[in-house]
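Undergrad: A single structure is presented below for examination.
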Amino acid sequence: MPKTSPAKPALTGSPWFRPAAVGAGAVVVLAIVVLIAKWLRSTEAVTDFIAAYPGHAPLPGWAPEGLQAALNVLHYLNLMFLTLIIRSGLQVRFGTRPEGFWKRNNKGLIKTKGQPKKITLNLWLHLSLDVLWVANGLVFFVLMLASGHWARLVPTTWSIFPNAVSTALQYASLDWPLENGWVNYNALQQLTYFVVVFIAAPLAIITGLRMSNAWPTNQKAPRLNRAYPMEWARALHFPVMAFFVLFVIVHVFLVFTTGALRNLNHMFAAHDGEDWLGFILFAVGLLVIVGLWFLARPLFLRPVASLMGTVTRN
């Protein structure tokens, strides 16, 4: 008689069992964290610590308040490009059947020896978005330095660390710190934004560059390739993307739970108020991103990609 595999139990064999178990475990862990944080805040030592370090590291006296309208625009473009980069990156990593290919025309100002390499349409989109994201980031860096906004992102005192611990305790205990992001980010925000702008973004760029066709081959740069192997870039690139996904989720959650209208005005309307202008601009921008998400498919990508090279189905 043919052997048959034992039937899985109805509960554990369900495709929803594992996600539900992970979700339930996460809820239990969060509940334990909240209870521990509340107990710590009931002690005299932690109460004195939070009083001494309320959660905001002091800024230099010349540091600007608020965000300029130009920085608002760049912040939105960063959100748009990052969302589409994550989408296209997931398609490149997990896609099984390419729905089209792209090859650069070897003519014009930029020429290479030999035939240009053919890549999938999804990879072309991913790399094109990367270029736009990097260009947007460079403009952001210039304006950040010119306006002095960098002082709101770069820690300038060691008190940032105890203030960050204080902020984390306040968040964890669900007795959240007072927010006034127009004047100064809290210490945990400042450290997180510093990591995003000055560590995660450069890591995403240099790992993505290593995996792209722009990187010199082993024949042209053997020492460089030995010093920075492809395996290192592949091992880092996806975790960096996962970090960005987690950051966006937490960032959006806190924006809407710590004074949504005021926060959206800071980020999208360049003023400190509680009117609905920032929300309206955010909603319009979100609709644009949703529309671009829908349009980022072969039917609409082929005509655009064909302007920059040759598009084929195989």
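Ligands are numbered from 1 in the order shown, residues from 1 within each chain, and chains are lettered A, B, ... in the order they appear in the structure tokens.
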Considering only C-alpha atoms, tabulate each residue of range 114-198 of chain A that lies at most 10 Å from range 272-288 of chain A along with its nearest interatomic pair and the corresponding distance in Å to one decimal; arrange the rows by chain and ascending residue number and present them as a tab-separated table.
TA:
residue	atom	partner	partner_atom	distance
A:Asn180	CA	A:Asp272	CA	9.4
A:Gly181	CA	A:Asp272	CA	9.2
A:Trp182	CA	A:Asp272	CA	6.5
A:Val183	CA	A:Asp272	CA	9.5
Undergrad: Any chance you could list, as a PDB file with C-alpha atoms, in the first residue's frame, the residues in range 224-311 of chain A that come up helix (DSSP H, G or I) when DSSP is run on the backbone?
TA:
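What follows is the written file result-v4.pdb:
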ATOM      1  CA  LEU A 224      37.673  46.261  -5.048  1.00  0.00           C
ATOM      2  CA  ASN A 225      35.433  43.235  -5.534  1.00  0.00           C
ATOM      3  CA  ARG A 226      37.498  41.149  -3.130  1.00  0.00           C
ATOM      4  CA  ALA A 227      37.362  43.936  -0.534  1.00  0.00           C
ATOM      5  CA  MET A 230      28.630  40.733  -3.548  1.00  0.00           C
ATOM      6  CA  GLU A 231      27.551  38.414  -0.703  1.00  0.00           C
ATOM      7  CA  TRP A 232      27.994  41.214   1.840  1.00  0.00           C
ATOM      8  CA  ALA A 233      25.764  43.547  -0.144  1.00  0.00           C
ATOM      9  CA  ARG A 234      23.068  40.909  -0.578  1.00  0.00           C
ATOM     10  CA  ALA A 235      23.174  40.037   3.120  1.00  0.00           C
ATOM     11  CA  LEU A 236      22.673  43.694   4.111  1.00  0.00           C
ATOM     12  CA  HIS A 237      20.359  45.096   1.448  1.00  0.00           C
ATOM     13  CA  PHE A 238      17.177  43.233   2.365  1.00  0.00           C
ATOM     14  CA  PRO A 239      17.488  43.830   6.166  1.00  0.00           C
ATOM     15  CA  VAL A 240      17.970  47.540   5.456  1.00  0.00           C
ATOM     16  CA  MET A 241      14.746  47.511   3.427  1.00  0.00           C
ATOM     17  CA  ALA A 242      12.985  45.712   6.286  1.00  0.00           C
ATOM     18  CA  PHE A 243      14.256  48.422   8.652  1.00  0.00           C
ATOM     19  CA  PHE A 244      12.746  51.108   6.419  1.00  0.00           C
ATOM     20  CA  VAL A 245       9.410  49.263   6.362  1.00  0.00           C
ATOM     21  CA  LEU A 246       9.393  49.031  10.169  1.00  0.00           C
ATOM     22  CA  PHE A 247      10.391  52.686  10.475  1.00  0.00           C
ATOM     23  CA  VAL A 248       7.580  53.841   8.180  1.00  0.00           C
ATOM     24  CA  ILE A 249       4.982  51.786  10.085  1.00  0.00           C
ATOM     25  CA  VAL A 250       6.051  53.106  13.498  1.00  0.00           C
ATOM     26  CA  HIS A 251       6.525  56.639  12.166  1.00  0.00           C
ATOM     27  CA  VAL A 252       3.029  56.804  10.654  1.00  0.00           C
ATOM     28  CA  PHE A 253       1.513  55.257  13.800  1.00  0.00           C
ATOM     29  CA  LEU A 254       3.107  57.894  16.040  1.00  0.00           C
ATOM     30  CA  VAL A 255       2.197  60.736  13.665  1.00  0.00           C
ATOM     31  CA  PHE A 256      -1.485  59.826  13.971  1.00  0.00           C
ATOM     32  CA  THR A 257      -1.447  59.077  17.708  1.00  0.00           C
ATOM     33  CA  ALA A 260      -2.345  64.016  13.863  1.00  0.00           C
ATOM     34  CA  LEU A 261      -3.446  67.426  12.549  1.00  0.00           C
ATOM     35  CA  ARG A 262      -0.528  69.294  14.079  1.00  0.00           C
ATOM     36  CA  ASN A 263       2.024  66.699  12.985  1.00  0.00           C
ATOM     37  CA  LEU A 264       0.673  66.601   9.426  1.00  0.00           C
ATOM     38  CA  ASN A 265       0.856  70.392   9.262  1.00  0.00           C
ATOM     39  CA  HIS A 266       4.520  70.203  10.311  1.00  0.00           C
ATOM     40  CA  MET A 267       5.273  67.605   7.638  1.00  0.00           C
ATOM     41  CA  PHE A 268       3.111  68.726   4.719  1.00  0.00           C
ATOM     42  CA  ALA A 269       2.022  72.346   5.245  1.00  0.00           C
ATOM     43  CA  LEU A 277      -4.493  71.846   5.525  1.00  0.00           C
ATOM     44  CA  GLY A 278      -1.742  69.338   6.308  1.00  0.00           C
ATOM     45  CA  PHE A 279      -4.225  66.461   6.380  1.00  0.00           C
ATOM     46  CA  ILE A 280      -5.691  67.488   3.008  1.00  0.00           C
ATOM     47  CA  LEU A 281      -2.232  67.711   1.426  1.00  0.00           C
ATOM     48  CA  PHE A 282      -1.304  64.353   2.956  1.00  0.00           C
ATOM     49  CA  ALA A 283      -4.508  62.751   1.619  1.00  0.00           C
ATOM     50  CA  VAL A 284      -3.871  64.117  -1.893  1.00  0.00           C
ATOM     51  CA  GLY A 285      -0.269  62.921  -1.759  1.00  0.00           C
ATOM     52  CA  LEU A 286      -1.378  59.501  -0.585  1.00  0.00           C
ATOM     53  CA  LEU A 287      -3.793  59.224  -3.517  1.00  0.00           C
ATOM     54  CA  VAL A 288      -0.919  60.044  -5.875  1.00  0.00           C
ATOM     55  CA  ILE A 289       1.212  57.272  -4.322  1.00  0.00           C
ATOM     56  CA  VAL A 290      -1.667  54.792  -4.596  1.00  0.00           C
ATOM     57  CA  GLY A 291      -2.124  55.762  -8.242  1.00  0.00           C
ATOM     58  CA  LEU A 292       1.587  55.302  -8.985  1.00  0.00           C
ATOM     59  CA  TRP A 293       1.515  51.956  -7.145  1.00  0.00           C
ATOM     60  CA  PHE A 294      -1.276  50.856  -9.515  1.00  0.00           C
ATOM     61  CA  LEU A 295       0.538  52.199 -12.595  1.00  0.00           C
ATOM     62  CA  PRO A 298       4.257  46.197 -17.200  1.00  0.00           C
ATOM     63  CA  LEU A 299       1.312  47.577 -19.188  1.00  0.00           C
ATOM     64  CA  PHE A 300       2.221  51.133 -18.156  1.00  0.00           C
ATOM     65  CA  LEU A 301       5.964  50.662 -17.596  1.00  0.00           C
ATOM     66  CA  ARG A 302       6.796  49.420 -21.095  1.00  0.00           C
ATOM     67  CA  PRO A 303       6.106  52.747 -22.911  1.00  0.00           C
ATOM     68  CA  VAL A 304       8.184  54.681 -20.341  1.00  0.00           C
ATOM     69  CA  ALA A 305      11.048  52.179 -20.298  1.00  0.00           C
TER      70      ALA A 305
END
Undergrad: In Å, how far is it from CA of Trp133 in chain A to CA of Leu79 in chain A?
TA: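 Interatomic distance, CA of Trp133 in chain A to CA of Leu79 in chain A: 9.4 Å.
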Undergrad: What is the distance, in Å and to one decimal place, between CA of Asn105 in chain A and CA of Ile205 in chain A?
TA: 24.6 Å
Undergrad: For range 158-172 of chain A, please output as number ranges by chain all residues within 12 Å (counting only C-alpha atoms; exclusion window: fewer than 3 positions along the same chain).
TA: A: 29-42, 46-59, 152-155, 175-179, 185-192, 194, 254, 257-258
Undergrad: What is the CA of Tyr76 in chain A to CA of Leu129 in chain A distance in Å?
TA: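 Answer for the CA of Tyr76 in chain A to CA of Leu129 in chain A separation: 14.4 Å.
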Undergrad: Find, counting only C-alpha atoms, the residue in A:Met80, A:Leu145, A:Val197, A:Leu174 that gets nearest to Leu132 in chain A.
TA: A:Met80
